[in-house]
Amino acid sequence: MSNTQSSNDDATGRQLSLLIGLVVVLASGVAAADLWYAITHPQPVPHVGLLALVVIGAAVANRVKVYVRVRSSRNGTTWGEIPILVGLAFLPHLWVVICSVAGIAIVKIMGRSAPQRAIFSLAKEVLVVSAAGLVLSLAGAPPVPHSLLVTGVAVVLAYVTMSLVDELVFLPVIAVASRTTIRRVMGRYLGDRLIAHVFRLATVVYIITILATGASPLLLGFVPLLIACLHLWHSRQLRTKEERRSWRELAKTTDELNSVELTQVLHVAATQGARVFSSDGVEIDLTASGVDRVVRARGSDVVHDGPLPSRDAYVTEITADLETGDHTYRAGLLTLGFHGRVKLNEFEQYKLKTFAAALCTAIRNATAYAELQRLNEQNAYDAAHDPLTGLVNRRELYEHAGQHFPGHSGDGVTALLLIDLNHFKEVNDTLGHAAGDAVLREVARRLADAATPGDLVARLGGDEFAVLMTDLTTPALATHRAKAMLATLAGSVTVEGMRITVEAAGGIALAPGSGGVNELMRRADIAMYQAKRAGVQTATYAHAQDTADVSRLVLGGELQRAVAEHEFVVDFQPIVDLGSGEVIAAEALTRWHHPEHGYLTPMEFLQTVERSGRLPAFADAVLDQALEASDVWREAGFDLPVAVNVSPRSLLDPSFPEAVLARLRRHAVPADRLIFELAETLTLSQLDVVGRALTELSEAGVRLALDDFGTGVTPLSVLSHIPVHQLKIDREFVGAVQTSSEAAAVIRSTVDLARSLHLTVIAEGVESEPQRHALWALGCVAGQGHLFARPMSAARLLATLQRGTAGRPGALAASLHEGGAVVRMSRRRSTGTGRSTLPHLPA
């Protein structure tokens with residue numbers, strides 16, 4: 001028990017002792033005065049039978065009570081006024097005091113009451129009886145009354161005096177014992193008590209009238225029946241009101257429990273629970289649900305909220321499990337504490353179960369809401385941060401940077417530092433990706449530590465980082481900060497026992513007057529590559545050194561309009577089975593139908609698109625057209641996969657895979673009808689990031705083709721990083737297949753490699769029948785080129801398929817073999833690293 005609780009209990013005990021002591025002292029004085037009066041005014045001793053009747057009446061009246069519990073104390077109302085007033089009307093005052101005290105003593109002894117309670121009850125009885133006797137004497141009603149009217153008035157005054165003295169003595173003690181106010185105790189059931197007093201007073205007057213007038217004693221036979229009826233009525237009345245009050249309190253409390261904030265739920269339940277159950281304290285223990293939290297309240301005050309402390313000492317503790325009806329969820333334990341001995345009745349036990357069930361539901365709802373809120377916050381954090389380093393990602397950087405362009409209230413300069421690690425690929429290739437991840441985390445930590453408050457450090461993907469610096473006082477400060485941050489990377493990094501030196505190049509760009517974040521990123525990118533080419537650590541963007549020509553700058557400014565007005569046109573070149581001449585797929589080829597420059601090839605505008613920041617919108621427009629074409633062909637009976645070229649920069653966007661899958665669902669195109677073609681010459685240092693996106697797409701069913709295979713420096717490294725399904729032989733090897741043994745050897749080795757990995761080989765740039773025959777002989781199963789068809793619109797390709805060749809719809813060339821000479825392999829998905837739905841034919 002806490003020191004505070006102990007001191008409170010000690011203070012309450014001292015106050016009770018003082019009050020009881022005061023009552024006993026007063027009663028002793030009154031008793032002495034009664035004894036002195038009896039000695040100085042001697043009266044004859046009453047008949048023993050009459051005295052016995054008063055003793056018995058006092059005992060029975062005090063034994064039959066209507067109890068009202070206030071916390072640990074029980075406030076009982078009795079019918080003791082009846083035998084006392086009847087006795088005072090006919091017997092000497094002192095004898096009535098002695099008989100009533102004797103009757104109460106008998107009740108206390110039989111009930112084994114605590115000595116302190118018994119002494120207080122006896123002392124209170126002396127004061128009450130003496131006060132009533134004094135009023136009767138002063139009102140002129142001697143023990144043998146001469147005037148019925150005088151006696152009646154005197155009895156009424158005596159009864160009122162008895163009730164007042166009883167309340168004045170009893171209420172302070174109850175208020176102190178229950179730690180409440182006298183007003184609150186007195187106001188409880190005041191109306192019912194007044195009605196009961198009226199009935200009791202009427203009963204007393206009735207008995208005295210019969211005895212005083214000498215009426216038939218048989219009329220007294222109705223008294224016990226009358227008292228019993230009144231007692232039952234009073235008990236039922238109090239019980240009904242108590243139940244109504246309890247239900248109102250319970251309903252009010254359960255309404256207050258409807259909160260999504262767990263702390264508010266627990267505090268309301270703890271403080272209001274003491275009021276609902278009239279308990280000295282309430283404890284809610286959540287440790288059973290795995291949460292080390294306990295909430296305690298005394299009265300209307302929460303005295304503890306935190307880990308489990310030492311237990312409070314209560315005489316009576318009543319507990320209820322906080323669990324659902326089906327026992328599938330348990331929130332904890334609810335405990336009601338009482339400083340005295342208390343036993344809940346059946347109604348209170350049911351009320352406790354109802355309260356516990358409502359509290360359990362409220363805790364479960366609040367906990368679920370808190371978890372949902374935590375997940376939302378975590379998802380929002382994950383969407384804005386790089387999972388490997390914890391730095392903000394590209395999207396968050398763009399959003400934050402957008403706040404510092406037109407409309408920004410700051411007066412300072414905004415600059416962007418773009419950082420790229422040199423030779424990072426060697427770390428991944430030599431030590432593995434785990435070591436590469438460790439290096440990236442260390443670089444991120446150093447950059448974050450070196451950043452000035454207000455700077456935003458981001459990882460854009462792979463080994464590329466960025467630092468957004470805002471509200472700089474001068475442009476020169478950007479260069480100073482950039483050099484300081486790159487200097488922190490100079491120290492070696494220890495990975496798996498090896499010391500690695502990290503080198504990096506940085507490009508600095510100041511916020512432009514127009515173009516926004518995209519232009520800022522483009523300029524920083526140009527500056528970074530200038531630094532790499534010059535072999536220096538940092539370079540600042542200068543317009544005079546921008547290698548982009550005028551036409552590229554013009555095109556960059558028109559990209560937004562081109563995407564919005566659908567100026568990008570997608571044509572399709574069929575991919576043909578070299579053996580049968582049947583079309584088995586189509587590759588989407590994009591051109592820009594510029595209103596002034598005519599049709600532009602991807603070579604003329606793709607780099608501008610990638611650097612402009614319009615790449616996502618461009619890629620979405622191309623993918624939409626490709627999927628629409630595939631859907632049209634499928635409805636016409638030609639279920640052809642469509643191949644789309646994808647930029648490595650798109651794959652660096654974490655949201656790219658989900659965006660692709662969403663478009664597949666929108667167009668109702670199966671995922672395996674989409675093929676993404678990647679250039680084998682993509683940046684190998686970014687393969688770890690690209691690989692994650694490609695794996696996600698591949699697992700969803702999208703197929704992957706490696707374009708221009710054989711032209712890169714490390715083709716096997718690419719195959720080990722990404723889940724490829726097809727290899728496309730570069731047109732340079734296809735063009736020389738008849739004249740160059742070296743080219744034929746490359747194609748043969750590519751076919752052998754593909755077979756071992758369960759991949760399909762497609763030849764690009766097939767221009768003649770001799771090339772087709774040579775490729776078929778080397779084992780290449782499919783090809784595309786002008787021999788079969790040039791790129792054409794989706795509608796024209798459909799018409800070409802429907803027309804076919806030699807009466808064969810879907811075929812663009814004659815078969816190289818007779819129909820029965822080829823055994824096709826069944827279409828299947830490989831369980832290896834690649835997948836294919838194209839036929840595998842023998843060489």
# chains A, B, ... in the order shown; residues from 1 in each chain; ligands from 1

$ select_by_dssp --residues "range 353-508 of chain A" --states "strand (DSSP E or B)" --output "ChimeraX atom specification"
/A:385,392,413-422,456-461,464-472,493-495,498-500,503-508

$ residues_around --residues "range 244-250 of chain A" --least-positions-apart "6" --cutoff "8 Å" --atoms "only C-alpha atoms" --output "list in words"
Arg275, Val276, Phe277, Lys351 and Phe355 of chain A

$ write_last_selection --atoms "N, CA and C atoms" --output "PDB file, in the first residue's frame"
ATOM      1  N   ARG A 275     -18.236   4.949  -8.287  1.00  0.00           N
ATOM      2  CA  ARG A 275     -19.551   5.549  -8.056  1.00  0.00           C
ATOM      3  C   ARG A 275     -20.668   4.546  -8.345  1.00  0.00           C
ATOM      4  N   VAL A 276     -20.499   3.776  -9.435  1.00  0.00           N
ATOM      5  CA  VAL A 276     -21.539   2.814  -9.807  1.00  0.00           C
ATOM      6  C   VAL A 276     -21.717   1.746  -8.732  1.00  0.00           C
ATOM      7  N   PHE A 277     -20.607   1.265  -8.172  1.00  0.00           N
ATOM      8  CA  PHE A 277     -20.673   0.165  -7.202  1.00  0.00           C
ATOM      9  C   PHE A 277     -20.458   0.639  -5.769  1.00  0.00           C
ATOM     10  N   LYS A 351     -24.944  -6.643 -12.265  1.00  0.00           N
ATOM     11  CA  LYS A 351     -24.506  -5.327 -12.725  1.00  0.00           C
ATOM     12  C   LYS A 351     -22.990  -5.307 -12.940  1.00  0.00           C
ATOM     13  N   PHE A 355     -21.101  -4.454 -16.428  1.00  0.00           N
ATOM     14  CA  PHE A 355     -20.089  -3.401 -16.491  1.00  0.00           C
ATOM     15  C   PHE A 355     -18.764  -3.954 -17.027  1.00  0.00           C
TER      16      PHE A 355
END

$ select_by_dssp --residues "range 283-369 of chain A" --states "alpha helix (DSSP H)" --output "PyMOL selection string"
chain A and resi 346-369

$ residues_around --residues "Gly436 in chain A" --least-positions-apart "3" --cutoff "9 Å" --atoms "only C-alpha atoms" --output "PyMOL selection string"
chain A and resi 424-425+427-429+431-433+439-441+495

$ write_last_selection --atoms "C-alpha atoms" --output "CSV table (one decimal), in the first residue's frame"
chain,number,residue,atom,x,y,z
A,424,PHE,CA,29.5,0.6,-55.5
A,425,LYS,CA,28.9,-2.3,-57.9
A,427,VAL,CA,31.1,-4.1,-53.4
A,428,ASN,CA,28.0,-6.0,-54.3
A,429,ASP,CA,29.8,-8.2,-56.8
A,431,LEU,CA,31.1,-9.1,-51.0
A,432,GLY,CA,27.5,-9.7,-51.8
A,433,HIS,CA,24.3,-7.7,-51.3
A,439,VAL,CA,27.6,0.2,-46.8
A,440,LEU,CA,24.5,2.0,-47.8
A,441,ARG,CA,23.2,2.2,-44.2
A,495,VAL,CA,32.2,-4.6,-43.5

$ residues_around --residues "Val23 in chain A" --least-positions-apart "3" --cutoff "9 Å" --atoms "only C-alpha atoms" --output "mmCIF file with N, CA, C and O atoms, in the first residue's frame"
data_model
loop_
_atom_site.group_PDB
_atom_site.id
_atom_site.type_symbol
_atom_site.label_atom_id
_atom_site.label_comp_id
_atom_site.auth_asym_id
_atom_site.auth_seq_id
_atom_site.Cartn_x
_atom_site.Cartn_y
_atom_site.Cartn_z
ATOM 1 N N LEU A 18 -12.417 9.993 16.949
ATOM 2 C CA LEU A 18 -12.791 11.226 17.626
ATOM 3 C C LEU A 18 -14.303 11.409 17.677
ATOM 4 O O LEU A 18 -14.879 11.781 18.711
ATOM 5 N N LEU A 19 -14.965 11.117 16.537
ATOM 6 C CA LEU A 19 -16.423 11.259 16.498
ATOM 7 C C LEU A 19 -17.104 10.289 17.459
ATOM 8 O O LEU A 19 -18.017 10.669 18.220
ATOM 9 N N ILE A 20 -16.676 9.035 17.416
ATOM 10 C CA ILE A 20 -17.287 8.033 18.294
ATOM 11 C C ILE A 20 -17.007 8.368 19.758
ATOM 12 O O ILE A 20 -17.886 8.250 20.631
ATOM 13 N N LEU A 26 -20.718 12.312 25.313
ATOM 14 C CA LEU A 26 -22.024 12.949 25.458
ATOM 15 C C LEU A 26 -23.040 11.993 26.064
ATOM 16 O O LEU A 26 -23.840 12.375 26.941
ATOM 17 N N ALA A 27 -23.049 10.761 25.590
ATOM 18 C CA ALA A 27 -23.991 9.767 26.107
ATOM 19 C C ALA A 27 -23.732 9.494 27.591
ATOM 20 O O ALA A 27 -24.680 9.319 28.391
ATOM 21 N N SER A 28 -22.459 9.450 27.984
ATOM 22 C CA SER A 28 -22.131 9.221 29.404
ATOM 23 C C SER A 28 -22.676 10.351 30.267
ATOM 24 O O SER A 28 -23.229 10.133 31.359
ATOM 25 N N PHE A 120 -20.728 2.533 19.870
ATOM 26 C CA PHE A 120 -21.331 3.703 19.230
ATOM 27 C C PHE A 120 -22.852 3.574 19.193
ATOM 28 O O PHE A 120 -23.581 4.539 19.476
ATOM 29 N N ALA A 123 -24.273 4.173 22.724
ATOM 30 C CA ALA A 123 -24.190 5.586 23.108
ATOM 31 C C ALA A 123 -25.225 6.409 22.350
ATOM 32 O O ALA A 123 -25.879 7.302 22.912
ATOM 33 N N LYS A 124 -25.385 6.116 21.048
ATOM 34 C CA LYS A 124 -26.377 6.837 20.256
ATOM 35 C C LYS A 124 -27.784 6.591 20.801
ATOM 36 O O LYS A 124 -28.616 7.510 20.846
ATOM 37 N N LEU A 127 -28.504 8.793 23.792
ATOM 38 C CA LEU A 127 -28.786 10.170 23.410
ATOM 39 C C LEU A 127 -30.180 10.306 22.806
ATOM 40 O O LEU A 127 -30.921 11.255 23.124
ATOM 41 N N VAL A 169 -26.235 12.516 14.942
ATOM 42 C CA VAL A 169 -25.188 11.650 15.489
ATOM 43 C C VAL A 169 -24.660 10.694 14.428
ATOM 44 O O VAL A 169 -23.451 10.452 14.336
#

$ residues_around --residues "Glu396 in chain A" --least-positions-apart "4" --cutoff "8 Å" --atoms "only C-alpha atoms" --output "PyMOL selection string"
chain A and resi 384-385+392+400

$ atom_distance --atom1 "CA of His267 in chain A" --atom2 "CA of Ile284 in chain A"
9.3 Å

$ atom_distance --atom1 "CA of Ala705 in chain A" --atom2 "CA of Asp624 in chain A"
19.3 Å

$ closest_residue --among "A:Pro307, A:Gly807, A:Gly290, A:Pro172" --to "Tyr329 in chain A" --atoms "only C-alpha atoms"
A:Gly290

$ atom_distance --atom1 "CA of Val54 in chain A" --atom2 "CA of Phe90 in chain A"
10.8 Å

$ residues_around --residues "Leu704 in chain A" --least-positions-apart "6" --cutoff "8 Å" --atoms "only C-alpha atoms" --output "PyMOL selection string"
chain A and resi 675-678+694+698+723-726

$ closest_residue --among "A:Ala505, A:Ala356, A:Leu336, A:Ile500" --to "Gln537 in chain A" --atoms "only C-alpha atoms"
A:Ala505
